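Novice: File protein_32.cif below, mmCIF, C-alpha atoms; chains and numbers go by the auth columns:
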data_run
loop_
_atom_site.group_PDB
_atom_site.id
_atom_site.type_symbol
_atom_site.label_atom_id
_atom_site.label_comp_id
_atom_site.label_asym_id
_atom_site.label_seq_id
_atom_site.Cartn_x
_atom_site.Cartn_y
_atom_site.Cartn_z
_atom_site.B_iso_or_equiv
_atom_site.auth_seq_id
_atom_site.auth_asym_id
ATOM 1 C CA MET A 1 1.187 7.401 15.613 0.00 5 A
ATOM 2 C CA SER A 2 1.091 5.659 12.257 0.00 6 A
ATOM 3 C CA THR A 3 -1.151 3.124 10.575 0.00 7 A
ATOM 4 C CA VAL A 4 -0.395 0.640 7.830 0.00 8 A
ATOM 5 C CA ILE A 5 -1.964 -1.016 4.822 0.00 9 A
ATOM 6 C CA GLU A 6 -0.614 -4.556 4.488 0.00 10 A
ATOM 7 C CA VAL A 7 -0.311 -6.582 1.286 0.00 11 A
ATOM 8 C CA TYR A 8 0.108 -10.355 1.624 0.00 12 A
ATOM 9 C CA PRO A 9 1.255 -11.982 -1.637 0.00 13 A
ATOM 10 C CA SER A 10 0.533 -15.512 -2.797 0.00 14 A
ATOM 11 C CA SER A 11 3.293 -15.247 -5.403 0.00 15 A
ATOM 12 C CA SER A 12 6.995 -15.217 -4.576 0.00 16 A
ATOM 13 C CA HIS A 13 7.622 -12.740 -7.402 0.00 17 A
ATOM 14 C CA LEU A 14 9.405 -9.607 -6.198 0.00 18 A
ATOM 15 C CA PRO A 15 8.248 -6.793 -8.498 0.00 19 A
ATOM 16 C CA THR A 16 10.732 -4.287 -9.838 0.00 20 A
ATOM 17 C CA PHE A 17 10.360 -0.559 -9.346 0.00 21 A
ATOM 18 C CA LYS A 18 9.319 -0.345 -13.007 0.00 22 A
ATOM 19 C CA GLU A 19 6.644 -2.995 -12.623 0.00 23 A
ATOM 20 C CA LEU A 20 5.137 -1.302 -9.597 0.00 24 A
ATOM 21 C CA ALA A 21 5.294 2.186 -11.136 0.00 25 A
ATOM 22 C CA ASP A 22 3.656 0.926 -14.325 0.00 26 A
ATOM 23 C CA GLU A 23 0.924 -0.907 -12.404 0.00 27 A
ATOM 24 C CA VAL A 24 0.178 2.042 -10.113 0.00 28 A
ATOM 25 C CA GLN A 25 -0.154 4.250 -13.169 0.00 29 A
ATOM 26 C CA ALA A 26 -2.480 1.709 -14.814 0.00 30 A
ATOM 27 C CA VAL A 27 -4.679 1.450 -11.711 0.00 31 A
ATOM 28 C CA LEU A 28 -4.959 5.231 -11.396 0.00 32 A
ATOM 29 C CA ILE A 29 -5.845 5.609 -15.075 0.00 33 A
ATOM 30 C CA GLU A 30 -8.418 2.842 -14.773 0.00 34 A
ATOM 31 C CA HIS A 31 -10.089 4.484 -11.773 0.00 35 A
ATOM 32 C CA ARG A 32 -9.492 8.162 -12.449 0.00 36 A
ATOM 33 C CA ALA A 33 -13.240 8.814 -12.720 0.00 37 A
ATOM 34 C CA ASN A 34 -13.713 7.905 -9.052 0.00 38 A
ATOM 35 C CA PRO A 35 -14.787 11.202 -7.457 0.00 39 A
ATOM 36 C CA TYR A 36 -12.458 10.845 -4.460 0.00 40 A
ATOM 37 C CA LEU A 37 -9.484 10.162 -6.715 0.00 41 A
ATOM 38 C CA ALA A 38 -10.523 12.769 -9.276 0.00 42 A
ATOM 39 C CA GLU A 39 -10.441 15.396 -6.519 0.00 43 A
ATOM 40 C CA ILE A 40 -6.730 14.672 -6.112 0.00 44 A
ATOM 41 C CA ILE A 41 -5.474 14.141 -9.644 0.00 45 A
ATOM 42 C CA GLY A 42 -7.716 16.608 -11.470 0.00 46 A
ATOM 43 C CA ASP A 43 -6.769 16.873 -15.120 0.00 47 A
ATOM 44 C CA LEU A 44 -3.262 15.489 -14.756 0.00 48 A
ATOM 45 C CA SER A 45 -2.029 13.646 -17.815 0.00 49 A
ATOM 46 C CA ASP A 46 -1.711 9.886 -17.739 0.00 50 A
ATOM 47 C CA ALA A 47 2.078 10.305 -17.710 0.00 51 A
ATOM 48 C CA ASP A 48 1.896 12.411 -14.549 0.00 52 A
ATOM 49 C CA LEU A 49 0.140 9.569 -12.727 0.00 53 A
ATOM 50 C CA ARG A 50 3.258 7.399 -12.835 0.00 54 A
ATOM 51 C CA PRO A 51 4.975 7.476 -9.426 0.00 55 A
ATOM 52 C CA HIS A 52 8.669 7.760 -8.668 0.00 56 A
ATOM 53 C CA ILE A 53 9.994 4.891 -6.543 0.00 57 A
ATOM 54 C CA GLU A 54 13.259 4.887 -4.589 0.00 58 A
ATOM 55 C CA ARG A 55 15.120 2.541 -2.297 0.00 59 A
ATOM 56 C CA VAL A 56 16.328 4.320 0.832 0.00 60 A
ATOM 57 C CA MET A 57 19.399 2.556 2.163 0.00 61 A
ATOM 58 C CA ASP A 58 21.168 2.884 5.485 0.00 62 A
ATOM 59 C CA MET A 59 24.880 3.430 4.915 0.00 63 A
ATOM 60 C CA PRO A 60 27.636 2.043 7.181 0.00 64 A
ATOM 61 C CA GLY A 61 27.703 3.791 10.518 0.00 65 A
ATOM 62 C CA GLY A 62 24.100 4.893 10.187 0.00 66 A
ATOM 63 C CA LYS A 63 25.206 8.490 9.651 0.00 67 A
ATOM 64 C CA ARG A 64 23.653 9.076 6.236 0.00 68 A
ATOM 65 C CA TRP A 65 21.236 7.573 3.776 0.00 69 A
ATOM 66 C CA ALA A 66 21.645 6.732 0.119 0.00 70 A
ATOM 67 C CA ARG A 67 18.778 6.688 -2.346 0.00 71 A
ATOM 68 C CA PHE A 68 18.539 4.582 -5.489 0.00 72 A
ATOM 69 C CA ASP A 69 15.851 4.778 -8.158 0.00 73 A
ATOM 70 C CA ASP A 70 17.088 2.295 -10.767 0.00 74 A
ATOM 71 C CA GLU A 71 13.863 0.864 -12.180 0.00 75 A
ATOM 72 C CA ALA A 72 15.456 -2.584 -12.369 0.00 76 A
ATOM 73 C CA GLU A 73 15.668 -2.657 -8.553 0.00 77 A
ATOM 74 C CA THR A 74 13.238 -5.001 -6.842 0.00 78 A
ATOM 75 C CA LEU A 75 11.022 -4.405 -3.814 0.00 79 A
ATOM 76 C CA ASP A 76 13.270 -6.708 -1.785 0.00 80 A
ATOM 77 C CA PHE A 77 13.830 -4.312 1.116 0.00 81 A
ATOM 78 C CA ARG A 78 15.922 -5.875 3.871 0.00 82 A
ATOM 79 C CA ASP A 79 18.477 -4.864 6.499 0.00 83 A
ATOM 80 C CA GLY A 80 16.906 -1.506 7.214 0.00 84 A
ATOM 81 C CA ASP A 81 16.178 -0.549 3.614 0.00 85 A
ATOM 82 C CA TYR A 82 12.743 0.733 2.716 0.00 86 A
ATOM 83 C CA GLY A 83 10.885 2.129 -0.246 0.00 87 A
ATOM 84 C CA TRP A 84 9.829 5.709 -0.888 0.00 88 A
ATOM 85 C CA LEU A 85 7.008 6.276 -3.366 0.00 89 A
ATOM 86 C CA SER A 86 6.161 9.776 -4.498 0.00 90 A
ATOM 87 C CA PHE A 87 3.970 11.568 -7.004 0.00 91 A
ATOM 88 C CA PRO A 88 6.207 14.541 -7.835 0.00 92 A
ATOM 89 C CA VAL A 89 3.642 16.615 -9.716 0.00 93 A
ATOM 90 C CA ILE A 90 1.124 16.588 -6.862 0.00 94 A
ATOM 91 C CA GLU A 91 3.719 16.302 -4.062 0.00 95 A
ATOM 92 C CA TYR A 92 2.328 13.349 -2.112 0.00 96 A
ATOM 93 C CA ALA A 93 4.612 10.567 -0.863 0.00 97 A
ATOM 94 C CA PHE A 94 4.960 7.802 1.721 0.00 98 A
ATOM 95 C CA ASP A 95 7.311 5.025 2.792 0.00 99 A
ATOM 96 C CA PHE A 96 6.744 1.286 2.519 0.00 100 A
ATOM 97 C CA TYR A 97 8.529 -1.834 3.749 0.00 101 A
ATOM 98 C CA LEU A 98 9.077 -5.518 3.175 0.00 102 A
ATOM 99 C CA ASP A 99 8.410 -7.616 6.277 0.00 103 A
ATOM 100 C CA ASP A 100 10.044 -11.041 6.146 0.00 104 A
ATOM 101 C CA ASP A 101 10.123 -11.686 9.882 0.00 105 A
ATOM 102 C CA VAL A 102 8.206 -14.953 9.803 0.00 106 A
ATOM 103 C CA ASN A 103 8.104 -15.113 13.600 0.00 107 A
ATOM 104 C CA GLU A 104 7.079 -11.513 14.140 0.00 108 A
ATOM 105 C CA PHE A 105 4.498 -12.508 16.729 0.00 109 A
ATOM 106 C CA GLU A 106 6.880 -14.501 18.935 0.00 110 A
ATOM 107 C CA ASP A 107 5.709 -18.122 18.669 0.00 111 A
ATOM 108 C CA VAL A 108 3.194 -17.460 15.897 0.00 112 A
ATOM 109 C CA SER A 109 4.546 -18.409 12.490 0.00 113 A
ATOM 110 C CA HIS A 110 3.789 -16.674 9.217 0.00 114 A
ATOM 111 C CA ALA A 111 1.755 -19.719 8.191 0.00 115 A
ATOM 112 C CA ALA A 112 -0.354 -19.364 11.333 0.00 116 A
ATOM 113 C CA VAL A 113 -0.948 -15.668 10.576 0.00 117 A
ATOM 114 C CA ILE A 114 -2.107 -16.583 7.076 0.00 118 A
ATOM 115 C CA ALA A 115 -4.352 -19.286 8.531 0.00 119 A
ATOM 116 C CA ASP A 116 -5.948 -16.682 10.806 0.00 120 A
ATOM 117 C CA HIS A 117 -6.574 -14.441 7.815 0.00 121 A
ATOM 118 C CA ALA A 118 -8.116 -17.349 5.924 0.00 122 A
ATOM 119 C CA GLU A 119 -10.435 -18.103 8.827 0.00 123 A
ATOM 120 C CA ARG A 120 -11.474 -14.464 9.124 0.00 124 A
ATOM 121 C CA ALA A 121 -12.026 -14.194 5.354 0.00 125 A
ATOM 122 C CA ALA A 122 -14.337 -17.210 5.486 0.00 126 A
ATOM 123 C CA LYS A 123 -16.348 -15.593 8.289 0.00 127 A
ATOM 124 C CA ILE A 124 -16.852 -12.269 6.528 0.00 128 A
ATOM 125 C CA GLY A 125 -17.278 -13.747 3.051 0.00 129 A
ATOM 126 C CA THR A 126 -14.188 -12.449 1.265 0.00 130 A
ATOM 127 C CA LEU A 127 -11.316 -14.029 -0.687 0.00 131 A
ATOM 128 C CA ALA A 128 -13.285 -17.036 -1.938 0.00 132 A
ATOM 129 C CA GLY A 129 -10.886 -19.368 -3.698 0.00 133 A
ATOM 130 C CA PHE A 130 -7.787 -17.468 -2.617 0.00 134 A
ATOM 131 C CA PRO A 131 -4.660 -19.720 -2.499 0.00 135 A
ATOM 132 C CA PHE A 132 -3.842 -19.225 1.164 0.00 136 A
ATOM 133 C CA GLU A 133 -1.494 -22.198 1.123 0.00 137 A
ATOM 134 C CA LYS A 134 0.698 -20.391 -1.409 0.00 138 A
ATOM 135 C CA ALA A 135 0.622 -17.205 0.662 0.00 139 A
ATOM 136 C CA ALA A 136 1.808 -19.190 3.672 0.00 140 A
ATOM 137 C CA GLN A 137 4.825 -20.398 1.697 0.00 141 A
ATOM 138 C CA VAL A 138 5.910 -16.949 0.526 0.00 142 A
ATOM 139 C CA GLU A 139 6.777 -15.840 4.074 0.00 143 A
ATOM 140 C CA HIS A 140 6.792 -12.116 3.543 0.00 144 A
ATOM 141 C CA CYS A 141 4.429 -9.201 3.142 0.00 145 A
ATOM 142 C CA TRP A 142 4.663 -5.484 2.464 0.00 146 A
ATOM 143 C CA PHE A 143 3.240 -2.704 4.545 0.00 147 A
ATOM 144 C CA LEU A 144 2.575 0.857 3.439 0.00 148 A
ATOM 145 C CA ARG A 145 2.999 3.225 6.360 0.00 149 A
ATOM 146 C CA MET A 146 0.763 6.224 6.856 0.00 150 A
ATOM 147 C CA GLN A 147 2.100 8.661 9.442 0.00 151 A
ATOM 148 C CA ALA A 148 -0.359 10.633 11.556 0.00 152 A
ATOM 149 C CA ALA A 149 0.514 13.940 9.883 0.00 153 A
ATOM 150 C CA GLN A 150 -0.010 12.665 6.355 0.00 154 A
ATOM 151 C CA PRO A 151 -3.121 14.057 4.669 0.00 155 A
ATOM 152 C CA LEU A 152 -6.151 12.284 3.314 0.00 156 A
ATOM 153 C CA GLN A 153 -4.883 12.600 -0.242 0.00 157 A
ATOM 154 C CA THR A 154 -1.795 10.518 0.565 0.00 158 A
ATOM 155 C CA ARG A 155 -3.923 7.852 2.216 0.00 159 A
ATOM 156 C CA ILE A 156 -6.253 7.582 -0.765 0.00 160 A
ATOM 157 C CA LEU A 157 -3.336 7.278 -3.176 0.00 161 A
ATOM 158 C CA ALA A 158 -1.725 4.661 -0.924 0.00 162 A
ATOM 159 C CA GLY A 159 -4.850 2.548 -1.288 0.00 163 A
ATOM 160 C CA TYR A 160 -4.395 2.501 -5.049 0.00 164 A
ATOM 161 C CA VAL A 161 -0.719 1.622 -4.624 0.00 165 A
ATOM 162 C CA ALA A 162 -1.697 -1.272 -2.345 0.00 166 A
ATOM 163 C CA VAL A 163 -4.071 -2.504 -5.030 0.00 167 A
ATOM 164 C CA ALA A 164 -1.329 -2.332 -7.658 0.00 168 A
ATOM 165 C CA LEU A 165 1.062 -4.294 -5.442 0.00 169 A
ATOM 166 C CA ALA A 166 -1.603 -6.875 -4.630 0.00 170 A
ATOM 167 C CA ARG A 167 -2.357 -7.303 -8.319 0.00 171 A
ATOM 168 C CA LEU A 168 1.309 -7.813 -9.162 0.00 172 A
ATOM 169 C CA THR A 169 1.747 -10.451 -6.468 0.00 173 A
ATOM 170 C CA SER A 170 -1.693 -12.099 -6.515 0.00 174 A
ATOM 171 C CA GLY A 171 -2.155 -10.885 -2.967 0.00 175 A
ATOM 172 C CA PHE A 172 -4.757 -9.644 -0.524 0.00 176 A
ATOM 173 C CA ILE A 173 -5.044 -6.465 1.540 0.00 177 A
ATOM 174 C CA PHE A 174 -5.342 -6.255 5.320 0.00 178 A
ATOM 175 C CA SER A 175 -4.886 -3.962 8.313 0.00 179 A
ATOM 176 C CA ASP A 176 -5.916 -4.218 11.941 0.00 180 A
ATOM 177 C CA ASP A 177 -4.625 -0.865 13.199 0.00 181 A
ATOM 178 C CA GLY A 178 -7.051 1.513 11.513 0.00 182 A
ATOM 179 C CA GLY A 179 -5.273 1.767 8.180 0.00 183 A
ATOM 180 C CA VAL A 180 -8.374 0.341 6.486 0.00 184 A
ATOM 181 C CA ASP A 181 -11.848 -0.728 7.570 0.00 185 A
ATOM 182 C CA TYR A 182 -11.150 -3.799 9.708 0.00 186 A
ATOM 183 C CA ASP A 183 -14.718 -5.041 9.291 0.00 187 A
ATOM 184 C CA ARG A 184 -14.090 -5.613 5.562 0.00 188 A
ATOM 185 C CA VAL A 185 -10.632 -7.154 5.474 0.00 189 A
ATOM 186 C CA PRO A 186 -8.834 -9.265 4.438 0.00 190 A
ATOM 187 C CA THR A 187 -10.049 -8.634 0.917 0.00 191 A
ATOM 188 C CA GLU A 188 -9.048 -8.830 -2.709 0.00 192 A
ATOM 189 C CA PRO A 189 -7.824 -5.630 -4.406 0.00 193 A
ATOM 190 C CA GLU A 190 -10.832 -5.116 -6.676 0.00 194 A
ATOM 191 C CA SER A 191 -13.343 -5.231 -3.820 0.00 195 A
ATOM 192 C CA PHE A 192 -11.069 -2.989 -1.765 0.00 196 A
ATOM 193 C CA LEU A 193 -11.359 -0.137 -4.232 0.00 197 A
ATOM 194 C CA SER A 194 -15.153 -0.341 -4.203 0.00 198 A
ATOM 195 C CA TRP A 195 -15.222 1.103 -0.666 0.00 199 A
ATOM 196 C CA TYR A 196 -11.795 2.279 0.509 0.00 200 A
ATOM 197 C CA PRO A 197 -11.658 5.839 -0.959 0.00 201 A
ATOM 198 C CA GLU A 198 -15.053 6.725 0.501 0.00 202 A
ATOM 199 C CA TRP A 199 -14.357 4.944 3.784 0.00 203 A
ATOM 200 C CA ILE A 200 -11.023 6.657 4.471 0.00 204 A
ATOM 201 C CA THR A 201 -12.530 10.045 3.558 0.00 205 A
ATOM 202 C CA HIS A 202 -15.388 9.578 6.005 0.00 206 A
ATOM 203 C CA ASP A 203 -13.038 8.133 8.613 0.00 207 A
ATOM 204 C CA MET A 204 -10.850 11.237 8.526 0.00 208 A
ATOM 205 C CA LEU A 205 -13.358 13.981 7.767 0.00 209 A
ATOM 206 C CA GLY A 206 -16.655 12.605 9.062 0.00 210 A
ATOM 207 C CA PRO A 207 -19.651 10.902 7.421 0.00 211 A
ATOM 208 C CA SER A 208 -21.051 14.133 5.968 0.00 212 A
ATOM 209 C CA SER A 209 -17.870 14.904 4.043 0.00 213 A
ATOM 210 C CA HIS A 210 -17.633 15.094 0.277 0.00 214 A
ATOM 211 C CA GLY A 211 -14.652 14.830 -2.038 0.00 215 A
ATOM 212 C CA SER A 212 -14.293 18.606 -2.233 0.00 216 A
ATOM 213 C CA SER A 213 -13.637 18.728 1.506 0.00 217 A
ATOM 214 C CA MET A 214 -10.175 17.353 0.834 0.00 218 A
ATOM 215 C CA GLN A 215 -9.130 20.709 -0.532 0.00 219 A
ATOM 216 C CA GLU A 216 -9.045 21.938 3.044 0.00 220 A
ATOM 217 C CA ASP A 217 -6.296 19.460 3.962 0.00 221 A
ATOM 218 C CA GLN A 218 -2.693 20.503 3.914 0.00 222 A
ATOM 219 C CA ARG A 219 -0.299 18.554 1.772 0.00 223 A
#
Can you give me the file's structure in the form of structure tokens?

Specialist:
Amino acid sequence: MSTVIEVYPSSSHLPTFKELADEVQAVLIEHRANPYLAEIIGDLSDADLRPHIERVMDMPGGKRWARFDDEAETLDFRDGDYGWLSFPVIEYAFDFYLDDDVNEFEDVSHAAVIADHAERAAKIGTLAGFPFEKAAQVEHCWFLRMQAAQPLQTRILAGYVAVALARLTSGFIFSDDGGVDYDRVPTEPESFLSWYPEWITHDMLGPSSHGSSMQEDQR
């Protein structure tokens, strides 16, 4: 079983691999004092916090896969392609996808999904002033997939990646399958980081856990 962290953009800009890698690095540097993040990255240099991003592409016949890491590539993953983001020095990685199926929920359009998020945001007091009408026009989102076997460290890092992607695309973060705390989403990226690292740690390890408990996880 897997869970996802979803990023809904309000900008039609499709970031390049370079833009996302640079932004992830910037977010990690900005927040490296967070105790839950510090437990993962330790004294790594700023350069080591820059992720490696690849496009994984299904080749004709479906018999093999090709990987491309040209930093000019965009996050426009279609026709079975998906992204692979890794932190080589600390050996954590996960896959992520572009979802442009505007009628994913049968007769419910993308605009209707965005409208539902807007209504929920108003009820829980998040995303004040967010341009939901622009998000409805973009007609795609990204989702970062966390597989059941992936450790806490990967999930924490994925939260920072989601923030970077949301920043680049003026987007918001959401999940309704346990990927994040449903009671606090949809939300803007800055608010997300104020609770997500602690929440996911407690969700996986229990409310009495501390950052050092992550050392017991297997990569």

Novice: So, with all atoms listed in the file as the atoms that count, which of A:Leu209, A:Ala168, A:Ala162, A:Ile118 lies closest to Val8 of chain A?

Specialist: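 Among A:Leu209, A:Ala168, A:Ala162, A:Ile118, it is A:Ala162 that comes nearest to Val8 of chain A.
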
Novice: What does the PyMOL selection byres ((chain A and resi 7) around 8) select in this file, as a list in words?

Specialist: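 With the PyMOL selection byres ((chain A and resi 7) around 8) on this model, the match is Met5, Ser6, Val8, Ile9, Arg149, Met150, Gln151, Ala152, Asp181, Gly182 and Gly183 of chain A.
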
Novice: Only C-alpha atoms, please: the residues just picked out, written as an mmCIF file, in the coordinates of the input.

Specialist:
data_model
loop_
_atom_site.group_PDB
_atom_site.id
_atom_site.type_symbol
_atom_site.label_atom_id
_atom_site.label_comp_id
_atom_site.auth_asym_id
_atom_site.auth_seq_id
_atom_site.Cartn_x
_atom_site.Cartn_y
_atom_site.Cartn_z
ATOM 1 C CA MET A 5 1.187 7.401 15.613
ATOM 2 C CA SER A 6 1.091 5.659 12.257
ATOM 3 C CA VAL A 8 -0.395 0.640 7.830
ATOM 4 C CA ILE A 9 -1.964 -1.016 4.822
ATOM 5 C CA ARG A 149 2.999 3.225 6.360
ATOM 6 C CA MET A 150 0.763 6.224 6.856
ATOM 7 C CA GLN A 151 2.100 8.661 9.442
ATOM 8 C CA ALA A 152 -0.359 10.633 11.556
ATOM 9 C CA ASP A 181 -4.625 -0.865 13.199
ATOM 10 C CA GLY A 182 -7.051 1.513 11.513
ATOM 11 C CA GLY A 183 -5.273 1.767 8.180
#

Novice: Which is closer to Tyr101 of chain A than all the others in A:Ala42, A:Leu197, A:Val60, A:Ile33, using only C-alpha atoms?

Specialist: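 Checking each of A:Ala42, A:Leu197, A:Val60, A:Ile33 against Tyr101 of chain A, counting only C-alpha atoms, the winner is A:Val60.
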
Novice: Expanded to explicit residues, what is the PyMOL selection byres ((chain A and resi 164) around 12) for this file, as a PyMOL selection string?

Specialist: chain A and resi 9+11+24-25+27-36+38+40-41+53-55+148+157-163+165-171+177+193-201

Novice: For the atom pair atom CA of Thr173 of chain A and atom CA of Ala132 of chain A, what is the interatomic distance in Å to one decimal place?

Specialist: 17.0 Å

Novice: List the spatial neighbours of segment 71-80 of chain A as an MDAnalysis selection string - criterion: any atom at most 12 Å away, all atoms listed in the file, same-chain residues fewer than 4 positions off excluded.

Specialist: chainID A and resid 16:26 55:63 84:90 100:104 144:147 169 172:173

Novice: Could you tell me how far atom CA of Phe91 of chain A sits from atom CA of Asp52 of chain A, in Å to one decimal place?

Specialist: 7.9 Å

Novice: For Asp105 of chain A, list every protein, DNA or RNA residue within 12 Å, evaluated using all atoms listed in the file, and leave out those in the same chain fewer than 3 positions away; present the list as an MDAnalysis selection string.

Specialist: chainID A and resid 82:83 101:102 108:115 117 142:146

Novice: Calculate how many Å separate atom CA of Gly133 of chain A from atom CA of Ile204 of chain A, rounding to one decimal.

Specialist: 27.3 Å

Novice: For Trp203 of chain A, list every protein, DNA or RNA residue within 9 Å, evaluated using all atoms listed in the file, and leave out those in the same chain fewer than 6 positions away; present the list as a tab-separated table (two decimals) with C-alpha atoms, keeping the file's coordinate frame.

Specialist:
chain	number	residue	atom	x	y	z
A	184	VAL	CA	-8.37	0.34	6.49
A	185	ASP	CA	-11.85	-0.73	7.57
A	211	PRO	CA	-19.65	10.90	7.42

Novice: Identify the residues within 9 Å of coordinate (-15.3, -9.6, 5.0) (same frame as the file), considering all atoms listed in the file, and give the answer as a PyMOL selection string.

Specialist: chain A and resi 124-131+186-191

Novice: Between A:Leu156, A:Ile94, A:Ala140, A:Pro13, which is the closest to Gly210 of chain A once you count only C-alpha atoms?

Specialist: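 Going through A:Leu156, A:Ile94, A:Ala140, A:Pro13 one by one, the smallest distance to Gly210 of chain A is for A:Leu156.
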